[in-house]
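Accompanying notes for the structure given below.
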Amino acid sequence: LRPTYSTIQQNSNTPGRTPASAITKQRNIRMSDDKVTADSYGKVEVADHNTECWMLRIPPVLSSAWDDAPEGTVLGELVFRKGGKVPGKPAVKPGLDVVLDPNIATKLPQQYSLQAMTKKLPVLHPFTRHPNGSVSMHGKVTRTGNLQVKQDANYRQLCKDRILKGTVHKSRFVKPIEANQVVHQSKKRAAGGGAAAGGNGFGDAVHQFGKRMIEAQNTTQQTKKARFTADQPTKSIIFELFEQQQFWAAKDLKAASGGRSDNEIREVLREIADYHRSGDHKTLWELKKEFQNKSKSDA
């Protein structure tokens with residue numbers, strides 16, 4: 001434990017405020033000789049061991065501010081709020097609040113509340129070990145709790161100012177963009193600009209897959225209108241379909257061929273097309289280069 005403690009003095013003359021207690025910083029350490037002797041080393045002073053003390057967990061920043069304050073400084077006020085019902089207003093809950101002195105820390109929240117107060121704790125005695133080896137007990141801890149910031153309007157404004165100060169500066173700024181710029185970037189990615197810029201990640205693969213699915217659905221709907229005769233060879237039908245679209249899935253070719261079997265479709269594909277096992281056109285079929293040239297010359 002630190003050898004610095006806060007004593008509470010009654011202060012009921014503050015105008016416009018309920019009776020409160022002033023929290024003043026002072027040392028509860030008896031001055032003793034620093035020389036270590038046989039009598040002083042290990043001596044325990046227990047005159048104040050029954051004095052009631054509260055042990056509170058406070059924010060580190062507030063603790064540093066209180067440690068830097070000189071002796072005798074008024075750190076703040078401990079306000080006891082009485083609960084009860086008020087006519088025409090919501091019920092007031094009883095509570096304990098700590099209001100910091102404005103001269104202590106101007107950049108810290110000023111309003112705090114005592115939370116999680118409990119008496120269920122083991123026997124604890126704050127003490128100080130002197131340079132001469134003796135120990136002075138200052139009392140007995142009867143309550144523990146947490147000192148938490150009250151999230152009022154002043155606290156929210158303080159947080160906002162901190163965020164703006166840490167994020168907005170000369171080397172960092174926000175640039176608004178128009179909606180048409182987003183559309184242009186999307187079209188550029190669809191045309192292959194994203195891959196050229198190094199966008200070969202998961203997002204680009206999902207984009208390409210969705211694009212192929214939409215194109216295949218539209219092509220299937222268009223080819224359903226084309227009726228192939230029953231006596232037309234399957235290879236001829238496959239060539240006509242590849243003239244409409246470069247990449248095909250086997251099930252889409254089957255749906256667009258007018259009722260040809262899956263075995264017939266796959267037998268022709270193994271003869272005239274290549275199957276992509278990886279890349280942007282994974283699981284799709286594409287005409288071999290020799291047949292692509294022939295198809296273009298015939299067209």
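FYI, nothing fancy with the structure tokens labels: chains A, B, ... in order, residues from 1 per chain, ligands from 1 as they appear.
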Item to check | Within 7 Å of range 89-100 of chain A using only C-alpha atoms, minus same-chain residues under 5 positions, as a list in words | outcome: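 Here the qualifying residues turn out to be Leu75, Gly76, Glu77, Leu78, Val79, Phe80, Arg81, Lys82, Gly83, Gly84, Gln110, Gln111, Tyr112, Ser113 and Leu114 of chain A.
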Checklist entry - When distances are computed from only C-alpha atoms, which of A:Lys211, A:Lys289, A:His130, A:Lys235 shows the smallest separation from Glu264 in chain A? => result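 Nearest candidate to Glu264 in chain A out of A:Lys211, A:Lys289, A:His130, A:Lys235: A:Lys235.
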Item to check | Atom pair CA of Asn154 in chain A / CA of Gly166 in chain A: separation (Å) | outcome: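 Atom-to-atom, CA of Asn154 in chain A and CA of Gly166 in chain A are spaced 18.5 Å apart.
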Checklist entry - If you count only C-alpha atoms, which residues fall within 12 Å of Arg260 in chain A, apart from same-chain ones fewer than 2 positions away, as a list in words? => result Phe228, Thr229, Ala230, Asp231, Gln232, Pro233, Thr234, Lys235, Ile237, Ile238, Ala250, Lys251, Asp252, Leu253, Lys254, Ala255, Ala256, Ser257, Gly258, Asp262, Asn263, Glu264, Ile265, Arg266, Glu267 and Val268 of chain A
